file protein-v9.txt (compact mmCIF, C-alpha atoms)
# COMPACT_ATOMS: atom_id res chain seq x y z
CA MET Z 1 20.81 -20.36 0.28
CA SER Z 2 20.08 -19.06 -3.21
CA LEU Z 3 17.25 -16.51 -3.04
CA PRO Z 4 16.79 -14.59 -6.34
CA ARG Z 5 16.02 -10.96 -5.52
CA PHE Z 6 16.31 -7.35 -6.67
CA MET Z 7 15.33 -3.92 -5.39
CA ILE Z 8 13.64 -0.99 -7.16
CA ALA Z 9 15.07 2.20 -5.61
CA ALA Z 10 15.07 5.86 -6.66
CA PRO Z 11 16.75 9.19 -5.91
CA ALA Z 12 13.64 10.53 -4.17
CA SER Z 13 10.00 9.92 -3.31
CA GLY Z 14 7.66 10.66 -6.21
CA SER Z 15 9.89 8.95 -8.77
CA GLY Z 16 7.33 6.25 -9.59
CA LYS Z 17 8.69 3.36 -7.48
CA THR Z 18 5.30 2.03 -6.45
CA LEU Z 19 3.81 2.16 -9.96
CA VAL Z 20 6.79 0.45 -11.59
CA THR Z 21 7.16 -2.10 -8.77
CA CYS Z 22 3.48 -3.05 -9.03
CA GLY Z 23 3.73 -3.39 -12.80
CA ILE Z 24 6.82 -5.61 -12.56
CA LEU Z 25 5.19 -7.73 -9.83
CA GLN Z 26 2.13 -8.22 -12.01
CA ALA Z 27 4.30 -9.13 -15.02
CA LEU Z 28 6.15 -11.76 -12.97
CA VAL Z 29 2.89 -13.18 -11.58
CA ASN Z 30 1.49 -13.32 -15.12
CA ARG Z 31 4.53 -15.39 -16.13
CA GLY Z 32 3.45 -17.99 -13.59
CA LEU Z 33 6.15 -17.26 -11.03
CA ARG Z 34 5.68 -17.47 -7.30
CA VAL Z 35 6.55 -13.92 -6.29
CA ALA Z 36 7.40 -12.39 -2.93
CA SER Z 37 7.35 -8.63 -2.52
CA PHE Z 38 8.83 -6.52 0.24
CA LYS Z 39 8.57 -2.84 1.16
CA CYS Z 40 11.46 -1.08 2.85
CA GLY Z 41 10.40 0.93 5.88
CA PRO Z 42 7.36 0.83 8.16
CA ASP Z 43 4.65 1.15 5.48
CA TYR Z 44 1.96 -1.52 5.90
CA ILE Z 45 -0.28 -0.20 3.07
CA ASP Z 46 1.79 -1.19 0.03
CA PRO Z 47 2.31 -4.77 1.30
CA MET Z 48 -1.47 -5.04 1.84
CA PHE Z 49 -2.05 -3.80 -1.72
CA HIS Z 50 0.50 -6.23 -3.19
CA SER Z 51 -1.03 -9.22 -1.43
CA ARG Z 52 -4.72 -8.44 -1.92
CA VAL Z 53 -4.67 -7.11 -5.48
CA ILE Z 54 -1.58 -8.60 -7.13
CA GLY Z 55 -1.50 -11.82 -5.15
CA ALA Z 56 2.16 -11.63 -4.12
CA ARG Z 57 3.35 -12.66 -0.67
CA SER Z 58 4.27 -9.31 0.83
CA LYS Z 59 6.13 -8.19 3.95
CA ASN Z 60 8.11 -5.28 5.41
CA LEU Z 61 11.89 -4.91 5.62
CA ASP Z 62 12.87 -2.23 8.11
CA ALA Z 63 16.45 -1.86 9.30
CA TYR Z 64 15.37 0.50 12.11
CA PHE Z 65 12.96 -2.05 13.57
CA ALA Z 66 15.16 -5.14 13.15
CA ASP Z 67 18.86 -5.89 13.61
CA GLU Z 68 20.71 -7.56 10.73
CA PRO Z 69 20.24 -11.23 11.78
CA THR Z 70 16.51 -10.64 12.32
CA LEU Z 71 16.24 -8.75 9.03
CA ARG Z 72 17.87 -11.68 7.20
CA TYR Z 73 15.40 -14.08 8.80
CA LEU Z 74 12.35 -11.94 8.02
CA PHE Z 75 13.41 -11.75 4.39
CA GLY Z 76 14.61 -15.32 4.00
CA ARG Z 77 11.70 -17.19 5.55
CA THR Z 78 9.31 -15.59 3.00
CA ALA Z 79 11.69 -15.49 0.02
CA GLU Z 80 12.50 -19.19 0.28
CA THR Z 81 8.88 -20.09 -0.50
CA CYS Z 82 8.93 -18.16 -3.80
CA ASP Z 83 10.78 -18.12 -7.12
CA ILE Z 84 11.81 -14.47 -6.98
CA SER Z 85 11.59 -11.53 -4.56
CA VAL Z 86 11.04 -7.88 -5.48
CA VAL Z 87 11.89 -5.22 -2.90
CA GLU Z 88 10.52 -1.68 -3.20
CA GLY Z 89 12.72 0.98 -1.66
CA VAL Z 90 11.56 3.88 0.48
CA MET Z 91 12.20 7.61 -0.04
CA GLY Z 92 15.55 8.31 -1.71
CA PHE Z 93 17.95 5.37 -1.95
CA TYR Z 94 20.42 6.73 0.61
CA ASP Z 95 17.89 8.51 2.90
CA GLY Z 96 17.95 7.12 6.45
CA VAL Z 97 16.57 7.94 9.87
CA SER Z 98 18.32 11.33 10.02
CA VAL Z 99 19.47 13.95 7.52
CA LEU Z 100 23.09 12.78 7.20
CA SER Z 101 22.57 9.09 7.95
CA THR Z 102 22.02 6.10 5.67
CA ASP Z 103 20.93 3.95 8.65
CA ALA Z 104 17.64 2.15 7.91
CA SER Z 105 17.67 3.43 4.31
CA SER Z 106 16.98 1.35 1.22
CA TYR Z 107 20.75 1.39 0.71
CA ASP Z 108 21.21 -0.04 4.22
CA VAL Z 109 18.74 -2.87 3.53
CA SER Z 110 20.36 -3.67 0.17
CA GLU Z 111 23.78 -3.91 1.80
CA LYS Z 112 22.67 -6.10 4.70
CA LEU Z 113 20.74 -8.49 2.47
CA GLY Z 114 23.00 -8.44 -0.59
CA ILE Z 115 20.24 -7.23 -2.89
CA PRO Z 116 21.06 -6.12 -6.47
CA VAL Z 117 19.57 -2.66 -6.96
CA VAL Z 118 17.86 -1.18 -10.01
CA LEU Z 119 17.79 2.62 -9.83
CA LEU Z 120 14.61 4.16 -11.19
CA LEU Z 121 15.22 7.66 -12.58
CA ASN Z 122 12.32 10.04 -13.18
CA CYS Z 123 13.22 11.66 -16.51
CA ARG Z 124 10.30 14.05 -16.78
CA GLY Z 125 11.66 17.23 -18.38
CA ALA Z 126 15.20 15.85 -18.82
CA SER Z 127 17.31 13.75 -21.18
CA ILE Z 128 21.11 13.83 -20.86
CA SER Z 129 20.78 15.44 -17.41
CA VAL Z 130 19.73 12.07 -15.97
CA LEU Z 131 23.26 10.74 -16.59
CA PRO Z 132 25.05 12.90 -13.99
CA THR Z 133 22.32 11.92 -11.53
CA LEU Z 134 23.05 8.27 -12.26
CA LYS Z 135 26.81 8.89 -12.01
CA GLY Z 136 26.41 10.59 -8.64
CA PHE Z 137 24.42 7.72 -7.16
CA LEU Z 138 26.92 5.18 -8.48
CA GLU Z 139 29.91 6.99 -7.00
CA PHE Z 140 28.51 8.36 -3.71
CA ARG Z 141 29.08 5.11 -1.81
CA GLU Z 142 30.16 1.59 -2.66
CA ASN Z 143 26.80 0.04 -3.48
CA ASN Z 144 24.83 -2.76 -5.16
CA ILE Z 145 23.37 -0.68 -8.01
CA ARG Z 146 23.46 -3.02 -11.01
CA GLY Z 147 20.81 -1.62 -13.34
CA VAL Z 148 18.78 1.45 -14.24
CA ILE Z 149 15.25 2.09 -15.49
CA PHE Z 150 14.36 5.43 -17.06
CA ASN Z 151 10.83 6.50 -16.09
CA ASN Z 152 8.80 8.94 -18.20
CA MET Z 153 11.08 8.52 -21.22
CA SER Z 154 10.34 7.78 -24.87
CA LYS Z 155 11.91 4.88 -26.74
CA ARG Z 156 13.69 7.32 -29.08
CA VAL Z 157 15.48 9.07 -26.22
CA TYR Z 158 16.12 5.79 -24.40
CA ASP Z 159 17.89 4.26 -27.39
CA THR Z 160 20.35 7.17 -27.27
CA ILE Z 161 20.80 7.31 -23.49
CA ALA Z 162 21.07 3.56 -22.78
CA PRO Z 163 24.59 3.03 -24.26
CA GLU Z 164 25.89 5.93 -22.14
CA ALA Z 165 24.49 4.31 -19.01
CA ARG Z 166 26.10 1.00 -19.94
CA ARG Z 167 29.48 2.72 -20.24
CA MET Z 168 29.05 3.78 -16.58
CA GLY Z 169 28.98 0.11 -15.58
CA VAL Z 170 25.26 -0.47 -15.09
CA GLU Z 171 22.78 -2.40 -17.21
CA PRO Z 172 19.98 -0.33 -18.78
CA ILE Z 173 16.88 -2.43 -18.03
CA GLY Z 174 14.60 -0.28 -20.17
CA TYR Z 175 12.28 2.69 -20.03
CA VAL Z 176 8.73 3.43 -18.86
CA PRO Z 177 6.70 5.60 -21.23
CA LYS Z 178 4.17 8.07 -19.91
CA VAL Z 179 1.19 6.00 -18.75
CA THR Z 180 -1.14 8.62 -17.32
CA ASP Z 181 -4.19 6.38 -17.77
CA LEU Z 182 -2.55 3.65 -15.67
CA VAL Z 183 -1.48 5.72 -12.65
CA LEU Z 184 -2.48 4.19 -9.31
CA GLU Z 185 -4.14 6.83 -7.16
CA SER Z 186 -2.86 7.02 -3.60
CA ARG Z 187 -6.39 6.37 -2.32
CA HIS Z 188 -6.25 2.96 -3.94
CA LEU Z 189 -3.00 2.15 -2.20
CA GLY Z 190 -4.55 3.12 1.10
CA LEU Z 191 -8.09 1.92 0.64
CA VAL Z 192 -8.96 -0.97 -1.65
CA LEU Z 193 -12.67 -1.69 -1.53
CA PRO Z 194 -13.93 -5.09 -2.73
CA GLY Z 195 -15.67 -3.55 -5.73
CA GLU Z 196 -12.46 -1.82 -6.85
CA ILE Z 197 -10.20 -4.86 -6.90
CA ASP Z 198 -11.26 -6.19 -10.31
CA ALA Z 199 -10.78 -2.74 -11.91
CA LEU Z 200 -7.36 -2.40 -10.29
CA ARG Z 201 -6.32 -5.85 -11.49
CA GLU Z 202 -7.32 -4.91 -15.02
CA LYS Z 203 -5.28 -1.70 -14.79
CA LEU Z 204 -2.24 -3.53 -13.43
CA ASN Z 205 -2.45 -6.19 -16.14
CA ARG Z 206 -2.45 -3.48 -18.81
CA LEU Z 207 0.54 -1.87 -17.06
CA ALA Z 208 2.32 -5.24 -17.01
CA GLU Z 209 1.77 -5.56 -20.76
CA VAL Z 210 3.39 -2.14 -21.29
CA LEU Z 211 6.40 -3.06 -19.15
CA GLU Z 212 6.84 -6.40 -20.92
CA GLU Z 213 7.45 -4.34 -24.07
CA SER Z 214 9.59 -1.54 -22.61
CA LEU Z 215 11.62 -3.39 -19.96
CA ASP Z 216 13.90 -6.40 -20.24
CA ILE Z 217 12.15 -8.57 -17.66
CA ASP Z 218 14.41 -11.51 -18.52
CA LEU Z 219 17.45 -9.37 -17.66
CA LEU Z 220 15.86 -8.43 -14.32
CA MET Z 221 15.36 -12.11 -13.57
CA ARG Z 222 18.97 -12.94 -14.45
CA MET Z 223 20.17 -10.08 -12.27
CA ALA Z 224 18.03 -11.42 -9.41
CA SER Z 225 19.49 -14.91 -9.84
CA GLU Z 226 23.01 -13.48 -9.49
CA ALA Z 227 22.35 -12.24 -5.94
CA PRO Z 228 24.73 -13.84 -3.43
CA ASP Z 229 23.59 -16.72 -1.26
CA LEU Z 230 21.95 -15.62 1.97
CA GLU Z 231 22.10 -17.61 5.19
CA TYR Z 232 19.69 -16.95 8.04
CA SER Z 233 18.19 -18.57 11.11
CA ALA Z 234 15.10 -17.90 13.18
CA PRO Z 235 15.64 -15.82 16.33
CA GLU Z 236 15.01 -17.82 19.47
CA VAL Z 237 11.74 -16.94 21.18
CA GLY Z 238 10.01 -18.29 24.25
CA ARG Z 239 6.75 -20.20 24.00
CA VAL Z 240 3.79 -20.46 26.35
CA GLU Z 241 2.38 -23.93 26.93
CA GLY Z 242 -1.27 -24.67 26.38
CA LYS Z 243 -3.81 -22.99 24.15
CA VAL Z 244 -3.82 -19.19 24.35
CA ARG Z 245 -6.48 -17.71 22.09
CA ILE Z 246 -5.99 -14.09 21.02
CA GLY Z 247 -8.80 -12.28 19.23
CA PHE Z 248 -7.45 -10.21 16.34
CA ALA Z 249 -9.68 -7.48 14.88
CA ASP Z 250 -9.59 -7.92 11.11
CA ASP Z 251 -12.02 -6.29 8.67
CA GLU Z 252 -12.40 -3.23 6.42
CA THR Z 253 -11.67 -0.99 9.42
CA PHE Z 254 -8.80 -2.79 11.13
CA CYS Z 255 -6.43 -3.74 8.33
CA PHE Z 256 -3.11 -2.00 9.08
CA THR Z 257 -1.29 -5.00 10.51
CA TYR Z 258 2.32 -6.11 10.41
CA GLU Z 259 2.01 -9.77 9.43
CA ASP Z 260 5.32 -10.37 11.20
CA ASN Z 261 3.61 -9.42 14.48
CA ILE Z 262 0.99 -12.11 13.96
CA GLU Z 263 3.62 -14.70 13.08
CA LEU Z 264 5.62 -13.88 16.21
CA LEU Z 265 2.55 -14.16 18.46
CA GLU Z 266 1.93 -17.60 16.97
CA ARG Z 267 5.55 -18.63 17.57
CA CYS Z 268 5.04 -17.61 21.21
CA GLY Z 269 2.08 -19.98 21.51
CA ALA Z 270 -0.91 -17.87 20.50
CA GLU Z 271 -3.81 -19.14 18.44
CA ILE Z 272 -5.00 -16.15 16.40
CA VAL Z 273 -8.79 -15.87 16.21
CA ARG Z 274 -9.87 -13.19 13.71
CA PHE Z 275 -13.10 -11.30 14.24
CA SER Z 276 -14.84 -8.21 12.89
CA PRO Z 277 -15.86 -5.33 15.16
CA MET Z 278 -17.96 -4.10 12.24
CA HIS Z 279 -19.91 -7.25 11.38
CA ASP Z 280 -19.82 -9.60 14.40
CA ASP Z 281 -22.03 -8.96 17.42
CA ARG Z 282 -19.54 -10.05 20.06
CA VAL Z 283 -15.91 -10.98 20.64
CA PRO Z 284 -15.22 -14.72 20.22
CA ASP Z 285 -14.12 -16.89 23.14
CA VAL Z 286 -10.56 -15.61 23.60
CA ASP Z 287 -8.00 -14.81 26.29
CA GLY Z 288 -6.81 -11.47 24.88
CA MET Z 289 -7.50 -8.95 22.12
CA VAL Z 290 -5.49 -6.96 19.57
CA PHE Z 291 -6.84 -3.94 17.67
CA SER Z 292 -4.39 -2.72 15.05
CA GLY Z 293 -4.64 0.40 12.91
CA GLY Z 294 -6.95 1.13 10.01
CA TYR Z 295 -9.83 3.34 9.00
CA PRO Z 296 -12.26 3.73 11.92
CA GLU Z 297 -13.06 7.30 10.84
CA LEU Z 298 -14.34 6.00 7.47
CA HIS Z 299 -16.56 3.33 9.05
CA ALA Z 300 -17.56 5.16 12.21
CA ALA Z 301 -21.33 4.96 11.58
CA GLU Z 302 -21.19 1.17 11.21
CA LEU Z 303 -18.94 0.82 14.25
CA GLU Z 304 -21.20 3.04 16.35
CA SER Z 305 -24.34 1.16 15.34
CA ASN Z 306 -22.91 -2.19 16.45
CA ARG Z 307 -23.75 -1.61 20.10
CA PRO Z 308 -23.53 -5.28 21.18
CA MET Z 309 -19.90 -5.42 20.03
CA LEU Z 310 -19.00 -2.08 21.65
CA GLU Z 311 -20.50 -3.18 24.95
CA ASP Z 312 -18.89 -6.62 24.82
CA ILE Z 313 -15.42 -5.18 24.18
CA LYS Z 314 -15.78 -2.64 26.99
CA SER Z 315 -16.96 -5.26 29.47
CA LYS Z 316 -14.05 -7.55 28.62
CA ILE Z 317 -11.51 -4.75 29.04
CA GLU Z 318 -13.09 -3.75 32.35
CA ALA Z 319 -12.88 -7.38 33.46
CA GLY Z 320 -9.12 -7.31 32.87
CA MET Z 321 -8.83 -9.14 29.54
CA PRO Z 322 -5.40 -8.21 28.12
CA CYS Z 323 -5.59 -5.92 25.13
CA ILE Z 324 -3.22 -4.13 22.75
CA ALA Z 325 -4.68 -1.30 20.65
CA GLU Z 326 -2.71 0.82 18.19
CA CYS Z 327 -3.60 3.97 16.24
CA GLY Z 328 -6.99 3.22 14.62
CA GLY Z 329 -7.64 0.55 17.25
CA PHE Z 330 -6.77 3.08 19.96
CA MET Z 331 -9.20 5.57 18.40
CA TYR Z 332 -11.93 2.92 18.43
CA LEU Z 333 -11.52 2.38 22.18
CA HIS Z 334 -12.23 6.06 22.95
CA GLU Z 335 -15.51 7.37 24.32
CA ARG Z 336 -15.96 9.53 21.22
CA MET Z 337 -14.38 9.74 17.78
CA GLU Z 338 -14.86 12.28 15.01
CA ASP Z 339 -15.61 10.58 11.71
CA SER Z 340 -14.34 11.61 8.27
CA GLU Z 341 -17.37 13.89 7.81
CA GLY Z 342 -16.79 15.74 11.07
CA VAL Z 343 -19.57 13.95 13.00
CA MET Z 344 -18.72 12.91 16.57
CA ARG Z 345 -19.51 9.22 17.14
CA SER Z 346 -19.74 7.10 20.28
CA MET Z 347 -17.22 4.28 20.45
CA VAL Z 348 -16.20 1.63 23.00
CA GLY Z 349 -15.57 3.99 25.93
CA ALA Z 350 -12.56 2.19 27.43
CA ILE Z 351 -10.40 5.30 26.87
CA PRO Z 352 -11.73 8.57 28.33
CA GLY Z 353 -12.00 11.53 25.99
CA SER Z 354 -12.22 12.14 22.26
CA THR Z 355 -10.12 11.85 19.15
CA ARG Z 356 -10.48 14.40 16.36
CA ASN Z 357 -9.10 15.24 12.93
CA THR Z 358 -6.28 17.78 13.27
CA GLY Z 359 -5.70 18.16 9.54
CA LYS Z 360 -1.98 17.48 9.94
CA LEU Z 361 0.37 14.65 10.84
CA SER Z 362 1.04 14.34 14.56
CA ARG Z 363 4.33 13.00 16.02
CA PHE Z 364 5.13 11.37 12.66
CA GLY Z 365 8.08 8.98 12.51
CA TYR Z 366 10.04 6.29 14.32
CA ALA Z 367 10.33 6.05 18.08
CA SER Z 368 11.76 3.76 20.72
CA LEU Z 369 9.19 3.11 23.45
CA ARG Z 370 9.27 1.85 27.04
CA PRO Z 371 6.79 1.73 29.95
CA LEU Z 372 7.43 4.17 32.78
CA LYS Z 373 6.21 1.85 35.54
CA ASP Z 374 7.07 -1.72 36.53
CA ASP Z 375 3.49 -2.98 36.96
CA GLY Z 376 2.38 -2.45 33.37
CA THR Z 377 0.83 -5.04 31.08
CA LEU Z 378 4.18 -6.26 29.72
CA GLY Z 379 6.12 -6.02 32.98
CA PRO Z 380 9.30 -4.12 33.84
CA GLY Z 381 12.39 -3.42 31.76
CA ILE Z 382 10.76 -3.87 28.37
CA SER Z 383 11.34 -1.71 25.29
CA VAL Z 384 10.09 -1.86 21.73
CA LYS Z 385 10.39 0.16 18.54
CA GLY Z 386 7.42 1.65 16.74
CA HIS Z 387 6.16 4.25 14.31
CA GLU Z 388 3.45 6.93 14.31
CA PHE Z 389 1.45 8.11 11.30
CA HIS Z 390 -1.93 9.73 12.00
CA TYR Z 391 -3.93 12.88 11.30
CA TRP Z 392 -6.43 12.29 14.10
CA ASP Z 393 -5.22 13.07 17.62
CA SER Z 394 -6.60 12.51 21.09
CA ASP Z 395 -7.11 14.65 24.15
CA SER Z 396 -6.18 11.51 26.11
CA CYS Z 397 -3.03 10.02 24.53
CA GLY Z 398 -1.87 8.45 27.79
CA GLU Z 399 1.20 9.03 29.94
CA ASP Z 400 2.27 5.52 30.97
CA TRP Z 401 5.03 5.03 28.37
CA GLU Z 402 7.87 7.21 27.07
CA ALA Z 403 8.64 7.54 23.37
CA VAL Z 404 12.05 8.75 22.17
CA LYS Z 405 12.34 9.87 18.54
CA SER Z 406 15.43 9.25 16.42
CA ASN Z 407 16.43 12.91 16.92
CA GLY Z 408 16.38 12.50 20.71
CA THR Z 409 13.14 14.31 21.50
CA SER Z 410 10.82 12.49 23.86
CA TYR Z 411 7.19 12.54 24.96
CA THR Z 412 4.79 10.46 27.02
CA CYS Z 413 2.08 8.36 25.43
CA ILE Z 414 0.02 5.16 25.76
CA HIS Z 415 -2.48 4.03 28.39
CA ASP Z 416 -1.22 1.00 30.33
CA ASP Z 417 -3.32 -0.10 33.31
CA GLY Z 418 -1.73 -3.51 33.78
CA SER Z 419 -3.90 -5.31 31.23
CA MET Z 420 -4.45 -2.83 28.39
CA VAL Z 421 -1.74 -1.16 26.26
CA ALA Z 422 -3.43 1.43 24.03
CA GLY Z 423 -1.93 4.36 22.13
CA TYR Z 424 -1.12 5.82 18.74
CA PRO Z 425 2.27 4.14 18.10
CA HIS Z 426 2.30 1.03 15.91
CA LEU Z 427 4.58 -1.47 17.68
CA TYR Z 428 6.88 -3.82 15.76
CA TYR Z 429 7.24 -6.93 17.90
CA TYR Z 430 10.37 -8.34 16.23
CA SER Z 431 12.28 -5.27 17.44
CA ASN Z 432 12.04 -7.08 20.79
CA PRO Z 433 10.37 -10.53 20.67
CA GLU Z 434 10.01 -10.40 24.46
CA VAL Z 435 7.07 -8.01 23.87
CA ALA Z 436 5.07 -10.72 22.08
CA LEU Z 437 6.03 -13.37 24.62
CA ARG Z 438 5.06 -11.26 27.62
CA PHE Z 439 1.71 -10.39 26.05
CA VAL Z 440 0.94 -14.07 25.39
CA GLU Z 441 2.02 -14.87 28.96
CA ARG Z 442 -0.28 -12.11 30.24
CA CYS Z 443 -3.15 -13.62 28.23
CA ALA Z 444 -2.36 -17.07 29.66
CA ARG Z 445 -2.56 -15.71 33.22
CA TYR Z 446 -5.94 -14.18 32.41
CA ARG Z 447 -7.06 -17.53 30.93
CA ASP Z 448 -6.13 -19.28 34.17
CA SER Z 449 -7.50 -16.62 36.53
CA PRO Z 450 -10.23 -17.66 39.05
CA GLY Z 451 -13.77 -17.03 37.89
CA ARG Z 452 -12.80 -16.77 34.25

call {"tool": "encode", "arguments": {"input": "protein-v9.txt", "output": "structure tokens"}}
result
Amino acid sequence: MSLPRFMIAAPASGSGKTLVTCGILQALVNRGLRVASFKCGPDYIDPMFHSRVIGARSKNLDAYFADEPTLRYLFGRTAETCDISVVEGVMGFYDGVSVLSTDASSYDVSEKLGIPVVLLLNCRGASISVLPTLKGFLEFRENNIRGVIFNNMSKRVYDTIAPEARRMGVEPIGYVPKVTDLVLESRHLGLVLPGEIDALREKLNRLAEVLEESLDIDLLMRMASEAPDLEYSAPEVGRVEGKVRIGFADDETFCFTYEDNIELLERCGAEIVRFSPMHDDRVPDVDGMVFSGGYPELHAAELESNRPMLEDIKSKIEAGMPCIAECGGFMYLHERMEDSEGVMRSMVGAIPGSTRNTGKLSRFGYASLRPLKDDGTLGPGISVKGHEFHYWDSDSCGEDWEAVKSNGTSYTCIHDDGSMVAGYPHLYYYSNPEVALRFVERCARYRDSPGR
């Protein structure tokens, strides 16, 4: 199947990938194209930003979470609904899960999906020195690098450098001048409030206008159309019969969600019922609950003041309603949580103890996870891959699962009492679709339980 696509990658983080990718996405949307965007790696913030502010269909591509056939499916099923797909790389182009590995790198994704790559070079403080950097990336491995964009470069310097790049066998796509007034602050990428969206859209439209002048967008589109055909098929998953309603927390607080997780739950037979722990006064009529990550520390006062919702959630968990809670959702289920101002707030109370700001990342990175007992919520013999990224930590992280990092270190985590799975790791269900199926099955048993 023909799926026009290209990737924006760079030698390192901080090169301007997100800014340039957002500007290109906006330019393509402004041309009237149906655009899909993807982010390499486990980041759920950039895809949220792309979809809510730019209006592009946005998903993750992570070669640690998903094997190659699954990765092809996750890309293809979204890309086929759009005219063109733009993939933003992660970290440095070749950087993988360990120091000397390219596994799960942007390079790895580009190879597995046949994606033409445009290398973005940060030229701040350099001119001709960017050429050996380009040469090194071209020659380090056999790769799909087809073009180059020079960031933080003037037109005068670009006109001199571009022919030299072309002689290396890559197409110079253009340059990005210094645009200090159009920089997207990291807070915006992590927290887009309703009142900020219009201002951000205006900024991105001005950035798109700049890039229409300094980049050859038509050349990017031709390069995308030259990507090889990609065949894929949906992984087989089991399905539970009958209606299984799963309440999914979804509001300003709980917004860090892998959309692929939701899609897989639906394929397994779940009807997703969204609700707001901030604004609703009780959980809707459902057979299970999911609380994904987000910003509970920023909305702690509102969450604490909604006592009817806190009490309803706690009573349902105590009654055995199946529940998955990750990171921010896990924090919300605690007895107490420190907010962003250092004030300790009362929360649901399903998890004993408190969670507090440590001022540093805790257990950051990928992990493979499995329950340590056979009578857990998802049953015996299950495993799933996940990722941790949090500054708050708990004095009650749980000891019912084992997590093994990519470097081999391990630790215990997660509370699992047979109906509730709650801990800091974000789980990626497509790393093992059996996880989603078993959770839906667990919800169906609760639905059919006597006295329900």

call {"tool": "atom_distance", "arguments": {"input": "protein-v9.txt", "atom1": "atom CA of Ser354 of chain Z", "atom2": "atom CA of Asp312 of chain Z"}}
result
20.1 Å

call {"tool": "closest_residue", "arguments": {"input": "protein-v9.txt", "among": "Z:Ala234, Z:Met91, Z:Leu220, Z:Ala325", "to": "Ser292 of chain Z", "atoms": "all atoms listed in the file"}}
result
Z:Ala325

call {"tool": "closest_residue", "arguments": {"input": "protein-v9.txt", "among": "Z:Gly238, Z:Gly329, Z:Pro11, Z:Gly136", "to": "Val440 of chain Z", "atoms": "only C-alpha atoms"}}
result
Z:Gly238

call {"tool": "closest_residue", "arguments": {"input": "protein-v9.txt", "among": "Z:Ile84, Z:Ser110, Z:Met7, Z:Ser2", "to": "Arg34 of chain Z", "atoms": "all atoms listed in the file"}}
result
Z:Ile84

call {"tool": "closest_residue", "arguments": {"input": "protein-v9.txt", "among": "Z:Asn261, Z:Asn144, Z:Asn151, Z:Ser419", "to": "Asp287 of chain Z", "atoms": "all atoms listed in the file"}}
result
Z:Ser419

call {"tool": "axis_aligned_box", "arguments": {"input": "protein-v9.txt", "around": "segment 234-253 of chain Z", "padding_each_side": "8 Å", "output": "JSON"}}
result
{"center_x": 1.6, "center_y": -12.8, "center_z": 16.7, "size_x": 44.0, "size_y": 39.7, "size_z": 36.5}

call {"tool": "atom_distance", "arguments": {"input": "protein-v9.txt", "atom1": "atom CA of Thr18 of chain Z", "atom2": "atom CA of Glu88 of chain Z"}}
result
7.2 Å

call {"tool": "atom_distance", "arguments": {"input": "protein-v9.txt", "atom1": "atom CA of Val404 of chain Z", "atom2": "atom CA of Asp375 of chain Z"}}
result
20.7 Å

call {"tool": "closest_atom_pairs", "arguments": {"input": "protein-v9.txt", "of": "segment 220-261 of chain Z", "to": "segment 47-61 of chain Z", "cutoff": "8 Å", "atoms": "only C-alpha atoms", "output": "Markdown table"}}
result
| residue | atom | partner | partner_atom | distance |
| --- | --- | --- | --- | --- |
| Z:Tyr258 | CA | Z:Asn60 | CA | 7.7 |
| Z:Glu259 | CA | Z:Lys59 | CA | 7.0 |
| Z:Asp260 | CA | Z:Lys59 | CA | 7.6 |

call {"tool": "residues_near_point", "arguments": {"input": "protein-v9.txt", "point": "(18.6, -6.7, 4.5)", "cutoff": "7 Å", "atoms": "all atoms listed in the file", "output": "MDAnalysis selection string"}}
result
chainID Z and resid 68 71:72 109:114

call {"tool": "write_last_selection", "arguments": {"input": "protein-v9.txt", "atoms": "C-alpha atoms", "output": "short mmCIF file (atom, residue, chain, number, x, y, z; two decimals), in the frame of the given file"}}
result
data_model
loop_
_atom_site.label_atom_id
_atom_site.label_comp_id
_atom_site.auth_asym_id
_atom_site.auth_seq_id
_atom_site.Cartn_x
_atom_site.Cartn_y
_atom_site.Cartn_z
CA GLU Z 68 20.71 -7.56 10.73
CA LEU Z 71 16.24 -8.75 9.03
CA ARG Z 72 17.87 -11.68 7.20
CA VAL Z 109 18.74 -2.87 3.53
CA SER Z 110 20.36 -3.67 0.17
CA GLU Z 111 23.78 -3.91 1.80
CA LYS Z 112 22.67 -6.10 4.70
CA LEU Z 113 20.74 -8.49 2.47
CA GLY Z 114 23.00 -8.44 -0.59
#

call {"tool": "closest_residue", "arguments": {"input": "protein-v9.txt", "among": "Z:Asp229, Z:Asp280, Z:Asp339, Z:Asp448", "to": "Asn306 of chain Z", "atoms": "all atoms listed in the file"}}
result
Z:Asp280

call {"tool": "residues_around", "arguments": {"input": "protein-v9.txt", "residues": "Ile262 of chain Z", "least_positions_apart": "6", "cutoff": "9 Å", "atoms": "only C-alpha atoms", "output": "PDB file with C-alpha atoms, keeping the file's coordinate frame"}}
result
ATOM      1  CA  PHE Z 248      -7.450 -10.210  16.340  1.00  0.00           C
ATOM      2  CA  ALA Z 270      -0.910 -17.870  20.500  1.00  0.00           C
ATOM      3  CA  ILE Z 272      -5.000 -16.150  16.400  1.00  0.00           C
TER       4      ILE Z 272
END

call {"tool": "residues_near_point", "arguments": {"input": "protein-v9.txt", "point": "(9.4, 3.1, 12.2)", "cutoff": "9 Å", "atoms": "all atoms listed in the file", "output": "short mmCIF file (atom, residue, chain, number, x, y, z; two decimals) with C-alpha atoms, in the coordinates of the input"}}
result
data_model
loop_
_atom_site.label_atom_id
_atom_site.label_comp_id
_atom_site.auth_asym_id
_atom_site.auth_seq_id
_atom_site.Cartn_x
_atom_site.Cartn_y
_atom_site.Cartn_z
CA GLY Z 41 10.40 0.93 5.88
CA PRO Z 42 7.36 0.83 8.16
CA ASP Z 43 4.65 1.15 5.48
CA ASP Z 62 12.87 -2.23 8.11
CA TYR Z 64 15.37 0.50 12.11
CA PHE Z 65 12.96 -2.05 13.57
CA VAL Z 97 16.57 7.94 9.87
CA GLY Z 365 8.08 8.98 12.51
CA TYR Z 366 10.04 6.29 14.32
CA ALA Z 367 10.33 6.05 18.08
CA SER Z 368 11.76 3.76 20.72
CA LYS Z 385 10.39 0.16 18.54
CA GLY Z 386 7.42 1.65 16.74
CA HIS Z 387 6.16 4.25 14.31
CA GLU Z 388 3.45 6.93 14.31
CA HIS Z 426 2.30 1.03 15.91
CA LEU Z 427 4.58 -1.47 17.68
CA TYR Z 428 6.88 -3.82 15.76
#
